[in-house]
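Participant: What follows is data17.txt, made up of compact mmCIF, C-alpha atoms:
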# COMPACT_ATOMS: atom_id res chain seq x y z
CA MET E 1 -10.37 -23.66 40.90
CA LYS E 2 -9.02 -24.60 37.49
CA VAL E 3 -7.71 -22.45 34.65
CA LYS E 4 -6.71 -23.44 31.14
CA ALA E 5 -3.11 -22.41 30.27
CA LYS E 6 -2.13 -22.03 26.62
CA PHE E 7 1.42 -21.98 25.21
CA PHE E 8 2.75 -20.80 21.86
CA ALA E 9 5.82 -20.75 19.64
CA ALA E 10 9.10 -21.38 21.51
CA MET E 11 7.30 -22.09 24.82
CA ARG E 12 4.96 -24.59 23.16
CA GLU E 13 7.95 -26.34 21.63
CA ALA E 14 9.94 -26.34 24.89
CA LEU E 15 6.97 -27.80 26.75
CA ASP E 16 5.82 -29.98 23.85
CA ARG E 17 2.21 -29.10 24.73
CA THR E 18 -0.21 -26.44 23.51
CA GLU E 19 -2.37 -26.29 26.65
CA MET E 20 -3.02 -27.76 30.08
CA GLU E 21 -5.46 -27.47 32.97
CA ILE E 22 -3.92 -26.03 36.12
CA GLU E 23 -5.37 -26.27 39.64
CA LEU E 24 -5.00 -23.04 41.65
CA PRO E 25 -6.18 -21.81 45.04
CA SER E 26 -9.28 -19.61 44.76
CA GLY E 27 -8.32 -15.92 44.34
CA ALA E 28 -4.91 -16.66 42.83
CA THR E 29 -3.36 -13.95 40.64
CA VAL E 30 -1.52 -14.07 37.34
CA GLN E 31 1.76 -13.68 39.23
CA GLN E 32 0.99 -16.69 41.39
CA LEU E 33 0.26 -18.77 38.31
CA VAL E 34 3.53 -17.64 36.71
CA ASN E 35 5.40 -18.64 39.87
CA LEU E 36 3.75 -22.04 39.86
CA ILE E 37 4.64 -22.61 36.20
CA ALA E 38 8.27 -21.58 36.81
CA GLU E 39 8.49 -24.05 39.66
CA GLN E 40 6.81 -26.99 37.96
CA TYR E 41 8.24 -26.50 34.45
CA PRO E 42 11.90 -25.42 34.72
CA VAL E 43 12.16 -25.66 30.92
CA LEU E 44 9.89 -22.58 30.67
CA ARG E 45 11.80 -20.40 33.16
CA SER E 46 14.04 -18.70 30.60
CA TYR E 47 10.97 -17.55 28.64
CA LEU E 48 8.87 -16.18 31.48
CA ASP E 49 10.68 -12.85 31.93
CA SER E 50 9.89 -11.73 28.39
CA THR E 51 6.41 -13.25 28.30
CA LEU E 52 3.13 -11.38 28.64
CA VAL E 53 0.05 -13.06 30.01
CA ALA E 54 -3.41 -12.76 28.46
CA VAL E 55 -6.49 -13.70 30.43
CA ASN E 56 -9.53 -14.52 28.32
CA ARG E 57 -7.79 -13.03 25.25
CA LYS E 58 -6.88 -9.65 26.81
CA TYR E 59 -3.43 -8.70 28.08
CA ALA E 60 -3.42 -8.89 31.89
CA LEU E 61 -1.27 -7.54 34.76
CA PRO E 62 0.63 -9.64 37.37
CA GLN E 63 -1.93 -8.63 39.98
CA THR E 64 -4.94 -9.58 37.84
CA GLU E 65 -7.06 -12.07 39.79
CA LEU E 66 -7.95 -15.32 38.08
CA HIS E 67 -11.30 -17.08 38.12
CA ASP E 68 -12.40 -20.65 37.61
CA GLY E 69 -12.49 -21.52 33.92
CA ASP E 70 -10.28 -18.62 32.78
CA GLU E 71 -8.23 -19.08 29.62
CA VAL E 72 -4.69 -17.92 30.45
CA ALA E 73 -2.30 -17.56 27.52
CA PHE E 74 1.47 -17.16 27.77
CA VAL E 75 2.45 -14.70 25.04
CA PRO E 76 6.17 -14.68 24.19
CA PRO E 77 7.49 -11.71 22.16
CA VAL E 78 5.30 -11.53 19.06
CA GLY E 79 6.68 -11.66 15.53
CA GLY E 80 3.87 -10.87 13.13
CA GLY E 81 4.27 -8.97 9.89
CA MET M 1 10.23 23.64 -40.94
CA LYS M 2 7.33 21.58 -39.66
CA VAL M 3 6.52 20.35 -36.16
CA LYS M 4 3.80 17.96 -35.03
CA ALA M 5 1.54 19.49 -32.36
CA LYS M 6 -0.41 17.15 -30.05
CA PHE M 7 -3.46 18.08 -27.95
CA PHE M 8 -5.04 16.29 -25.01
CA ALA M 9 -8.09 16.31 -22.75
CA ALA M 10 -10.01 19.61 -22.72
CA MET M 11 -7.82 21.13 -25.47
CA ARG M 12 -8.30 18.10 -27.69
CA GLU M 13 -12.04 18.36 -27.22
CA ALA M 14 -12.12 22.13 -27.81
CA LEU M 15 -10.12 21.72 -31.01
CA ASP M 16 -11.76 18.42 -31.97
CA ARG M 17 -8.37 17.15 -33.12
CA THR M 18 -5.60 15.14 -31.46
CA GLU M 19 -2.74 16.47 -33.58
CA MET M 20 -1.74 18.66 -36.51
CA GLU M 21 1.33 19.62 -38.53
CA ILE M 22 2.36 23.25 -38.11
CA GLU M 23 4.66 25.21 -40.41
CA LEU M 24 7.10 27.47 -38.54
CA PRO M 25 10.02 29.70 -39.50
CA SER M 26 13.35 27.97 -38.90
CA GLY M 27 14.67 28.66 -35.38
CA ALA M 28 11.23 29.36 -33.90
CA THR M 29 10.82 28.86 -30.15
CA VAL M 30 8.12 27.22 -28.05
CA GLN M 31 6.81 30.70 -27.18
CA GLN M 32 6.46 31.59 -30.87
CA LEU M 33 4.53 28.39 -31.50
CA VAL M 34 2.24 29.13 -28.55
CA ASN M 35 1.62 32.65 -29.92
CA LEU M 36 0.79 31.22 -33.35
CA ILE M 37 -1.64 28.71 -31.87
CA ALA M 38 -3.33 31.42 -29.80
CA GLU M 39 -3.79 33.51 -32.91
CA GLN M 40 -5.00 30.77 -35.24
CA TYR M 41 -7.16 28.84 -32.74
CA PRO M 42 -8.98 31.30 -30.48
CA VAL M 43 -10.85 28.36 -28.94
CA LEU M 44 -7.57 27.27 -27.28
CA ARG M 45 -6.64 30.67 -25.81
CA SER M 46 -8.27 30.15 -22.43
CA TYR M 47 -6.23 26.96 -21.92
CA LEU M 48 -2.80 28.22 -22.92
CA ASP M 49 -1.97 30.07 -19.69
CA SER M 50 -2.18 26.93 -17.61
CA THR M 51 -0.63 24.65 -20.22
CA LEU M 52 2.90 23.27 -20.22
CA VAL M 53 4.64 22.37 -23.44
CA ALA M 54 6.62 19.16 -23.94
CA VAL M 55 9.06 18.83 -26.83
CA ASN M 56 9.87 15.27 -27.83
CA ARG M 57 8.26 14.01 -24.58
CA LYS M 58 10.19 16.25 -22.17
CA TYR M 59 8.84 19.39 -20.53
CA ALA M 60 10.27 22.46 -22.33
CA LEU M 61 10.68 26.18 -21.59
CA PRO M 62 9.19 29.07 -23.62
CA GLN M 63 12.64 29.87 -24.99
CA THR M 64 13.34 26.27 -26.08
CA GLU M 65 14.19 26.31 -29.78
CA LEU M 66 12.23 23.95 -32.04
CA HIS M 67 13.58 21.81 -34.85
CA ASP M 68 12.07 20.26 -37.95
CA GLY M 69 10.12 17.11 -37.06
CA ASP M 70 9.78 17.88 -33.34
CA GLU M 71 6.79 16.47 -31.50
CA VAL M 72 5.32 19.32 -29.46
CA ALA M 73 2.66 18.39 -26.93
CA PHE M 74 0.36 20.82 -25.16
CA VAL M 75 -0.02 19.53 -21.63
CA PRO M 76 -2.97 20.99 -19.71
CA PRO M 77 -2.97 20.53 -15.89
CA VAL M 78 -2.60 16.80 -15.31
CA GLY M 79 -5.09 14.73 -13.33
CA GLY M 80 -3.63 11.29 -12.81
CA GLY M 81 -4.14 9.18 -9.74
CA MET Z 1 7.36 -7.12 -17.66
CA LYS Z 2 7.27 -3.31 -17.62
CA LEU Z 3 7.61 -1.59 -14.26
CA PHE Z 4 6.08 1.65 -15.60
CA GLU Z 5 3.04 1.31 -17.78
CA ILE Z 6 -0.03 3.07 -19.14
CA THR Z 7 -2.69 0.52 -20.01
CA THR Z 8 -6.33 0.29 -20.99
CA GLU Z 9 -6.67 -3.08 -19.21
CA LYS Z 10 -8.29 -3.63 -15.80
CA LEU Z 11 -5.69 -3.39 -13.01
CA SER Z 12 -4.89 -6.10 -10.48
CA VAL Z 13 -2.89 -5.20 -7.37
CA ASP Z 14 -1.58 -8.76 -7.16
CA GLU Z 15 -0.31 -8.57 -10.72
CA VAL Z 16 1.58 -5.31 -10.06
CA VAL Z 17 2.99 -6.61 -6.75
CA ALA Z 18 4.23 -9.69 -8.67
CA ARG Z 19 6.32 -7.40 -10.87
CA LEU Z 20 8.48 -6.66 -7.79
CA ALA Z 21 9.13 -10.34 -6.96
CA ASP Z 22 12.63 -10.91 -5.60
CA PRO Z 23 13.92 -13.08 -2.73
CA ALA Z 24 15.65 -10.01 -1.27
CA ILE Z 25 12.45 -8.12 -0.46
CA GLY Z 26 10.38 -8.41 2.71
CA ALA Z 27 8.01 -5.45 2.54
CA ILE Z 28 5.90 -3.82 -0.15
CA SER Z 29 3.84 -0.67 0.19
CA VAL Z 30 1.10 0.00 -2.30
CA PHE Z 31 -1.13 2.94 -3.17
CA VAL Z 32 -4.32 2.07 -5.01
CA GLY Z 33 -6.41 4.80 -6.64
CA VAL Z 34 -10.09 3.96 -6.94
CA VAL Z 35 -12.88 5.75 -8.81
CA ARG Z 36 -15.03 7.50 -6.20
CA GLY Z 37 -18.79 7.60 -6.61
CA ASP Z 38 -19.09 11.29 -5.87
CA THR Z 39 -16.98 14.43 -6.01
CA GLU Z 40 -17.86 17.61 -4.16
CA GLY Z 41 -21.40 16.38 -3.76
CA ARG Z 42 -21.98 15.45 -7.41
CA LYS Z 43 -22.71 11.85 -8.25
CA VAL Z 44 -20.13 10.44 -10.66
CA ARG Z 45 -21.38 8.19 -13.49
CA TYR Z 46 -17.87 7.24 -14.64
CA LEU Z 47 -14.41 8.73 -15.24
CA GLU Z 48 -12.62 9.08 -18.52
CA TYR Z 49 -8.81 9.00 -18.20
CA GLU Z 50 -6.62 10.12 -21.09
CA ALA Z 51 -2.81 10.01 -21.28
CA TYR Z 52 0.03 11.01 -23.51
CA PRO Z 53 1.31 7.46 -23.08
CA GLU Z 54 4.78 7.71 -24.63
CA MET Z 55 5.61 10.63 -22.33
CA ALA Z 56 3.61 9.41 -19.34
CA GLU Z 57 5.55 6.16 -19.12
CA GLY Z 58 8.79 8.16 -19.19
CA MET Z 59 7.52 10.40 -16.37
CA LEU Z 60 6.50 7.35 -14.30
CA ARG Z 61 10.01 5.99 -14.77
CA GLN Z 62 11.40 9.38 -13.70
CA ILE Z 63 9.39 9.18 -10.46
CA GLY Z 64 10.86 5.74 -9.86
CA ASP Z 65 14.38 7.10 -10.46
CA GLU Z 66 13.75 10.06 -8.12
CA ILE Z 67 12.62 7.69 -5.38
CA GLN Z 68 15.60 5.39 -5.72
CA ALA Z 69 17.97 8.37 -5.69
CA ARG Z 70 16.34 9.75 -2.53
CA TRP Z 71 15.68 6.56 -0.54
CA LYS Z 72 18.54 4.14 -1.02
CA THR Z 73 16.68 1.27 0.66
CA ILE Z 74 13.91 1.12 -1.94
CA HIS Z 75 14.53 -1.96 -4.04
CA LYS Z 76 12.08 -1.56 -6.93
CA VAL Z 77 9.23 0.73 -7.95
CA SER Z 78 6.34 -0.12 -10.25
CA ILE Z 79 3.61 2.31 -11.33
CA VAL Z 80 0.77 1.23 -13.60
CA HIS Z 81 -1.98 3.67 -14.58
CA ARG Z 82 -5.12 2.69 -16.42
CA VAL Z 83 -6.72 4.99 -19.02
CA GLY Z 84 -10.03 5.00 -20.88
CA ARG Z 85 -13.48 4.75 -19.33
CA LEU Z 86 -13.43 3.66 -15.67
CA GLU Z 87 -16.52 2.84 -13.64
CA VAL Z 88 -17.07 3.74 -9.97
CA GLY Z 89 -15.09 1.33 -7.75
CA GLU Z 90 -12.56 0.41 -10.45
CA ILE Z 91 -8.82 0.86 -9.90
CA SER Z 92 -7.20 3.78 -11.75
CA VAL Z 93 -3.61 3.44 -10.54
CA VAL Z 94 -1.39 1.07 -8.60
CA ILE Z 95 1.92 2.28 -7.17
CA ALA Z 96 4.03 -0.42 -5.52
CA LEU Z 97 7.42 -0.07 -3.80
CA SER Z 98 9.52 -2.85 -2.39
CA ALA Z 99 12.29 -2.97 0.21
CA ALA Z 100 14.08 -5.47 2.41
CA HIS Z 101 12.50 -3.88 5.50
CA ARG Z 102 9.72 -1.41 6.08
CA PRO Z 103 11.40 1.88 7.13
CA GLU Z 104 11.17 4.59 4.44
CA LEU Z 105 8.58 2.68 2.40
CA PHE Z 106 5.82 4.96 3.61
CA ASP Z 107 7.58 8.26 2.94
CA ALA Z 108 8.60 7.02 -0.49
CA LEU Z 109 5.06 5.89 -1.32
CA HIS Z 110 3.68 9.26 -0.23
CA TYR Z 111 6.22 10.98 -2.47
CA ALA Z 112 5.33 8.74 -5.43
CA ILE Z 113 1.63 9.58 -5.41
CA ASP Z 114 2.30 13.32 -4.95
CA ARG Z 115 4.68 13.37 -7.92
CA LEU Z 116 2.32 11.31 -10.06
CA LYS Z 117 -0.36 13.93 -9.57
CA GLU Z 118 2.14 16.71 -10.39
CA ILE Z 119 4.13 15.70 -13.45
CA VAL Z 120 2.63 12.77 -15.33
CA PRO Z 121 0.64 13.69 -18.45
CA ILE Z 122 -2.60 11.92 -17.60
CA TRP Z 123 -5.94 13.68 -17.55
CA LYS Z 124 -9.20 12.83 -15.88
CA LYS Z 125 -12.67 13.79 -16.98
CA GLU Z 126 -15.38 13.43 -14.41
CA VAL Z 127 -18.70 12.50 -15.95
CA TRP Z 128 -21.50 13.31 -13.53
CA THR Z 129 -25.17 12.63 -13.86
CA ASP Z 130 -25.55 16.34 -14.73
CA GLY Z 131 -22.47 17.26 -16.75
CA SER Z 132 -18.73 16.63 -17.03
CA GLU Z 133 -15.37 18.33 -16.55
CA TRP Z 134 -11.62 17.72 -16.98
CA ARG Z 135 -10.17 17.82 -13.47
CA SER Z 136 -6.73 18.41 -12.03
CA GLU Z 137 -5.23 19.34 -8.68
CA ARG Z 138 -3.23 22.33 -9.90
CA MET I 1 -16.51 -10.87 4.88
CA LYS I 2 -14.22 -10.38 7.88
CA LEU I 3 -12.07 -7.25 7.95
CA PHE I 4 -9.66 -8.78 10.50
CA GLU I 5 -8.61 -12.34 9.93
CA ILE I 6 -6.00 -14.98 10.68
CA THR I 7 -5.96 -17.55 7.91
CA THR I 8 -3.93 -20.48 6.66
CA GLU I 9 -4.93 -19.70 3.05
CA LYS I 10 -2.70 -17.97 0.48
CA LEU I 11 -3.24 -14.22 0.54
CA SER I 12 -4.34 -12.08 -2.41
CA VAL I 13 -3.94 -8.30 -2.22
CA ASP I 14 -6.85 -7.86 -4.64
CA GLU I 15 -9.09 -9.95 -2.42
CA VAL I 16 -8.25 -7.87 0.69
CA VAL I 17 -8.64 -4.60 -1.22
CA ALA I 18 -12.07 -5.82 -2.36
CA ARG I 19 -13.14 -6.06 1.30
CA LEU I 20 -12.96 -2.25 1.45
CA ALA I 21 -15.20 -1.71 -1.58
CA ASP I 22 -17.45 1.33 -1.17
CA PRO I 23 -18.44 4.07 -3.63
CA ALA I 24 -17.28 6.67 -1.08
CA ILE I 25 -13.59 5.74 -1.25
CA GLY I 26 -11.02 7.05 -3.71
CA ALA I 27 -7.70 5.95 -2.23
CA ILE I 28 -6.36 2.79 -0.62
CA SER I 29 -2.94 2.29 0.90
CA VAL I 30 -1.65 -1.20 1.41
CA PHE I 31 1.26 -2.81 3.22
CA VAL I 32 2.26 -6.25 2.02
CA GLY I 33 4.64 -8.40 4.07
CA VAL I 34 6.63 -10.89 2.01
CA VAL I 35 8.86 -13.77 3.14
CA ARG I 36 12.45 -12.69 2.53
CA GLY I 37 15.00 -15.20 1.26
CA ASP I 38 17.64 -14.25 3.80
CA THR I 39 17.90 -12.72 7.25
CA GLU I 40 21.11 -11.32 8.67
CA GLY I 41 23.07 -13.22 6.08
CA ARG I 42 21.45 -16.62 6.65
CA LYS I 43 19.53 -18.21 3.81
CA VAL I 44 15.90 -18.84 4.76
CA ARG I 45 14.33 -22.13 3.67
CA TYR I 46 10.83 -21.16 4.84
CA LEU I 47 9.00 -19.43 7.69
CA GLU I 48 6.58 -20.98 10.13
CA TYR I 49 3.99 -18.52 11.50
CA GLU I 50 1.92 -19.42 14.53
CA ALA I 51 -0.91 -17.36 16.07
CA TYR I 52 -3.26 -17.36 19.00
CA PRO I 53 -6.03 -16.77 16.48
CA GLU I 54 -8.97 -15.95 18.76
CA MET I 55 -6.92 -13.23 20.46
CA ALA I 56 -4.98 -12.15 17.36
CA GLU I 57 -8.15 -11.29 15.43
CA GLY I 58 -9.30 -9.20 18.40
CA MET I 59 -5.95 -7.38 18.47
CA LEU I 60 -6.14 -6.73 14.72
CA ARG I 61 -9.59 -5.25 15.25
CA GLN I 62 -8.17 -3.11 18.08
CA ILE I 63 -5.53 -1.72 15.70
CA GLY I 64 -8.33 -0.83 13.27
CA ASP I 65 -10.25 0.90 16.06
CA GLU I 66 -7.15 2.81 17.19
CA ILE I 67 -6.59 4.04 13.64
CA GLN I 68 -10.16 5.18 13.16
CA ALA I 69 -10.08 6.98 16.52
CA ARG I 70 -6.84 8.77 15.61
CA TRP I 71 -7.39 9.54 11.92
CA LYS I 72 -11.01 10.48 11.34
CA THR I 73 -10.69 10.37 7.55
CA ILE I 74 -9.86 6.66 7.41
CA HIS I 75 -12.95 4.93 6.09
CA LYS I 76 -12.18 1.25 6.65
CA VAL I 77 -9.27 -0.93 7.76
CA SER I 78 -8.67 -4.57 6.88
CA ILE I 79 -5.78 -6.69 8.19
CA VAL I 80 -5.34 -10.31 7.13
CA HIS I 81 -2.40 -12.37 8.40
CA ARG I 82 -1.52 -15.81 7.14
CA VAL I 83 -0.12 -18.50 9.45
CA GLY I 84 1.45 -21.92 8.91
CA ARG I 85 4.37 -22.70 6.65
CA LEU I 86 5.21 -19.88 4.19
CA GLU I 87 7.75 -20.16 1.41
CA VAL I 88 10.15 -17.40 0.32
CA GLY I 89 8.28 -14.81 -1.78
CA GLU I 90 4.87 -15.64 -0.31
CA ILE I 91 2.71 -12.96 1.33
CA SER I 92 2.49 -13.11 5.14
CA VAL I 93 0.27 -10.10 5.81
CA VAL I 94 -1.87 -7.57 3.97
CA ILE I 95 -2.91 -4.34 5.69
CA ALA I 96 -5.27 -2.16 3.66
CA LEU I 97 -6.74 1.24 4.59
CA SER I 98 -9.26 3.23 2.61
CA ALA I 99 -10.23 6.90 2.54
CA ALA I 100 -12.04 9.36 0.31
CA HIS I 101 -8.74 11.15 -0.40
CA ARG I 102 -5.10 10.34 0.22
CA PRO I 103 -3.96 12.61 3.10
CA GLU I 104 -3.31 10.68 6.32
CA LEU I 105 -3.44 7.28 4.61
CA PHE I 106 0.33 6.94 4.80
CA ASP I 107 0.73 7.87 8.46
CA ALA I 108 -2.11 5.54 9.36
CA LEU I 109 -0.63 2.66 7.37
CA HIS I 110 2.74 3.17 9.04
CA TYR I 111 1.02 3.09 12.44
CA ALA I 112 -0.86 -0.09 11.55
CA ILE I 113 2.22 -2.12 10.71
CA ASP I 114 4.10 -0.85 13.78
CA ARG I 115 1.23 -1.84 16.07
CA LEU I 116 0.81 -5.21 14.38
CA LYS I 117 4.42 -6.02 15.19
CA GLU I 118 3.91 -4.84 18.79
CA ILE I 119 0.67 -6.27 20.11
CA VAL I 120 -0.73 -9.05 17.94
CA PRO I 121 -0.06 -12.59 19.22
CA ILE I 122 1.53 -14.03 16.11
CA TRP I 123 4.94 -15.69 16.16
CA LYS I 124 7.41 -16.36 13.41
CA LYS I 125 9.96 -19.14 13.25
CA GLU I 126 12.72 -18.70 10.74
CA VAL I 127 13.90 -21.97 9.30
CA TRP I 128 17.33 -21.54 7.76
CA THR I 129 19.40 -24.03 5.86
CA ASP I 130 21.46 -24.42 9.07
CA GLY I 131 18.99 -24.15 11.95
CA SER I 132 15.86 -22.30 13.08
CA GLU I 133 14.67 -19.75 15.61
CA TRP I 134 11.51 -18.01 16.84
CA ARG I 135 11.98 -14.32 16.01
CA SER I 136 10.48 -11.09 17.27
CA GLU I 137 11.34 -7.39 17.19
CA ARG I 138 11.14 -6.83 20.92
Take the structure from the file and write it as structure tokens.
Facilitator:
Amino acid sequence: MKVKAKFFAAMREALDRTEMEIELPSGATVQQLVNLIAEQYPVLRSYLDSTLVAVNRKYALPQTELHDGDEVAFVPPVGGG
Amino acid sequence: MKVKAKFFAAMREALDRTEMEIELPSGATVQQLVNLIAEQYPVLRSYLDSTLVAVNRKYALPQTELHDGDEVAFVPPVGGG
Amino acid sequence: MKLFEITTEKLSVDEVVARLADPAIGAISVFVGVVRGDTEGRKVRYLEYEAYPEMAEGMLRQIGDEIQARWKTIHKVSIVHRVGRLEVGEISVVIALSAAHRPELFDALHYAIDRLKEIVPIWKKEVWTDGSEWRSER
Amino acid sequence: MKLFEITTEKLSVDEVVARLADPAIGAISVFVGVVRGDTEGRKVRYLEYEAYPEMAEGMLRQIGDEIQARWKTIHKVSIVHRVGRLEVGEISVVIALSAAHRPELFDALHYAIDRLKEIVPIWKKEVWTDGSEWRSER
């Protein structure tokens, strides 16, 4: 299955991309996606510990299961206001 | 001596005047002025209990002594906001 | 530009906020008083505000001084109150406080509106569809 | 008119306050975020705000819902956050809450700005005269 990953702020700049399609085994969780990202994009590793993950625009847990077509956003510490 | 008395809101309407000159014995206090007003303008009596008095734009006490030319304002309960 | 003012002109929140402009500030809290369409079940046609303007502006300034004495982080205070005939939905008062950061802004704003209703010589006449009355909170 | 919005347009407090218009309200409290000219001693040239807008508007709406669940007297909530490049002195966010009377408005406004800084996916890059950094409070 494929999910769409979105990156913002410092992570977007480090990666120099705003989004990408990622191929995952069926039934993969948020944690598995995070592990994959850490492995394939070492430049993002330092951000991942403080980053939340949102699936389809809602904050998700590491054990949340992903589905084909999901929009998965990496949300570094927010700074609104 | 003479002071200038100013009236606002319900008192102004009851009296149908915004201000008047009042002749007082030298050394008269705020309380003496209030007593004089109560006597000469019965229509204002019901307001005087809840009214503060400002002398030259500062809140004053009943025992505050008045001086020639003072501006004495009768301040009914305020309703700003 | 006056920070404390009684005016017969229509009020703009943006215009009052602009009075606080300063590169050192990062947060502004504002209280906006609006003419309500009913009070205790009676339909309001309009309000008539009256002030003793020379004294009222001094009292507004006093509230500003009290706030800056009590909350050292408040940078500036501006309070502008409109008087005259005000229609339902129109702004009667704008209180704006600025600071570098947000802590204390809310307590200070709360204090400002409470004091305004206590000490400033401004009076409000409610004109209903079936009568009218000078109103206060004391 | 949207009550919860991420926009690249300049913000007007009057315009946001107007979104709350209703004859039933008598009091509005507003928080205005402004771009400060310095942070921790460094001179700011400008700020760059970035959002995940589709999610951020949903989170702003959630803050509004939380407030109305917690403070029953709050009539309406509007939160508008600007993104993109903002110069010193420009408004980054306007949070406006309305009620019939003023009690609770201040607590609820305080809550709103705290939550905004906690959960809404908006990021801020400070661009100083000598560098830049993405900043957050957590």
Participant: Quote the spacing between atom CA of I:Gly58 and atom CA of I:Lys10 in Å to one decimal place.
Facilitator: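 Atom CA of I:Lys10 lies at a distance of 21.0 Å from atom CA of I:Gly58.
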Participant: Please provide chain M as a tab-separated table (two decimals) with C-alpha atoms, in the coordinates of the input, once it has been superposed on chain E by least squares across all sequentially paired Cα atoms.
Facilitator:
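For reference, out.tsv as written:
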chain	number	residue	atom	x	y	z
M	1	MET	CA	-10.39	-23.67	40.86
M	2	LYS	CA	-9.01	-24.61	37.48
M	3	VAL	CA	-7.70	-22.45	34.64
M	4	LYS	CA	-6.70	-23.45	31.13
M	5	ALA	CA	-3.12	-22.41	30.29
M	6	LYS	CA	-2.14	-22.02	26.62
M	7	PHE	CA	1.42	-21.98	25.22
M	8	PHE	CA	2.71	-20.79	21.87
M	9	ALA	CA	5.81	-20.75	19.67
M	10	ALA	CA	9.08	-21.39	21.54
M	11	MET	CA	7.27	-22.11	24.84
M	12	ARG	CA	4.95	-24.58	23.16
M	13	GLU	CA	7.93	-26.35	21.65
M	14	ALA	CA	9.91	-26.35	24.91
M	15	LEU	CA	6.94	-27.81	26.77
M	16	ASP	CA	5.80	-29.98	23.86
M	17	ARG	CA	2.20	-29.11	24.71
M	18	THR	CA	-0.22	-26.44	23.50
M	19	GLU	CA	-2.35	-26.29	26.65
M	20	MET	CA	-3.00	-27.76	30.08
M	21	GLU	CA	-5.44	-27.46	32.97
M	22	ILE	CA	-3.90	-26.03	36.13
M	23	GLU	CA	-5.34	-26.27	39.64
M	24	LEU	CA	-4.99	-23.04	41.64
M	25	PRO	CA	-6.16	-21.81	45.04
M	26	SER	CA	-9.25	-19.63	44.74
M	27	GLY	CA	-8.33	-15.94	44.31
M	28	ALA	CA	-4.89	-16.66	42.84
M	29	THR	CA	-3.34	-13.96	40.65
M	30	VAL	CA	-1.52	-14.07	37.33
M	31	GLN	CA	1.77	-13.66	39.22
M	32	GLN	CA	1.01	-16.70	41.39
M	33	LEU	CA	0.26	-18.77	38.30
M	34	VAL	CA	3.52	-17.63	36.69
M	35	ASN	CA	5.42	-18.61	39.87
M	36	LEU	CA	3.77	-22.04	39.86
M	37	ILE	CA	4.64	-22.61	36.21
M	38	ALA	CA	8.25	-21.56	36.82
M	39	GLU	CA	8.50	-24.04	39.66
M	40	GLN	CA	6.81	-26.99	37.96
M	41	TYR	CA	8.25	-26.50	34.45
M	42	PRO	CA	11.88	-25.41	34.72
M	43	VAL	CA	12.14	-25.67	30.93
M	44	LEU	CA	9.89	-22.58	30.67
M	45	ARG	CA	11.80	-20.39	33.15
M	46	SER	CA	14.05	-18.70	30.61
M	47	TYR	CA	10.98	-17.54	28.65
M	48	LEU	CA	8.88	-16.18	31.48
M	49	ASP	CA	10.69	-12.85	31.92
M	50	SER	CA	9.89	-11.73	28.40
M	51	THR	CA	6.40	-13.24	28.32
M	52	LEU	CA	3.12	-11.37	28.64
M	53	VAL	CA	0.04	-13.06	30.02
M	54	ALA	CA	-3.41	-12.75	28.45
M	55	VAL	CA	-6.51	-13.69	30.42
M	56	ASN	CA	-9.55	-14.51	28.32
M	57	ARG	CA	-7.80	-13.01	25.24
M	58	LYS	CA	-6.87	-9.65	26.79
M	59	TYR	CA	-3.43	-8.69	28.06
M	60	ALA	CA	-3.41	-8.89	31.89
M	61	LEU	CA	-1.25	-7.55	34.74
M	62	PRO	CA	0.63	-9.65	37.34
M	63	GLN	CA	-1.91	-8.63	39.97
M	64	THR	CA	-4.93	-9.59	37.83
M	65	GLU	CA	-7.04	-12.05	39.80
M	66	LEU	CA	-7.95	-15.33	38.08
M	67	HIS	CA	-11.29	-17.09	38.12
M	68	ASP	CA	-12.41	-20.66	37.60
M	69	GLY	CA	-12.48	-21.52	33.88
M	70	ASP	CA	-10.26	-18.63	32.76
M	71	GLU	CA	-8.20	-19.08	29.62
M	72	VAL	CA	-4.68	-17.91	30.43
M	73	ALA	CA	-2.30	-17.56	27.51
M	74	PHE	CA	1.46	-17.15	27.77
M	75	VAL	CA	2.44	-14.71	25.06
M	76	PRO	CA	6.15	-14.69	24.21
M	77	PRO	CA	7.47	-11.69	22.19
M	78	VAL	CA	5.29	-11.52	19.08
M	79	GLY	CA	6.67	-11.66	15.55
M	80	GLY	CA	3.88	-10.87	13.14
M	81	GLY	CA	4.29	-8.99	9.91
Participant: I need the chain M residues near chain Z as a count of residues only; criterion: at most 12 Å, counting only C-alpha atoms.
Facilitator: 33
Participant: Nearest residue to chain I out of Z:Ser78, Z:Thr39, Z:Ser132, Z:Ser29, using only C-alpha atoms?
Facilitator: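 The closest residue to chain I is Z:Ser29.
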Participant: Which residues, written as a ChimeraX atom specification, have at least one atom at most 9 Å from I:Leu20, with all atoms listed in the file counted and residues fewer than 6 positions away on the same chain left out?
Facilitator: /I:3,28,75-78,96-98
Participant: Please, what distance in Å, to one decimal, runs between atom CA of Z:Thr8 and atom CA of Z:Gly84?
Facilitator: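 Atom CA of Z:Gly84 lies 6.0 Å from atom CA of Z:Thr8.
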Participant: When you draw a straight line from atom CA of I:Gly26 to atom CA of I:Ala99, how long is it in Å?
Facilitator: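 Computing the Euclidean distance for atom CA of I:Gly26 and atom CA of I:Ala99 yields 6.3 Å.
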Participant: At a cut-off of 8 Å, using all atoms listed in the file, what residues contact stretch 26-37 of chain E? Leave out same-chain residues fewer than 5 positions from it and give the result as number ranges by chain.
Facilitator: E: 1, 42, 44, 48, 53, 60-68
Participant: Let me make sure I understand: among I:Ile67, I:Leu105, I:Val88, I:Val44, which one has the smallest atom-to-atom distance to I:Gly131 if we use all atoms listed in the file?
Facilitator: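 Closest to I:Gly131 of all the choices is I:Val44.
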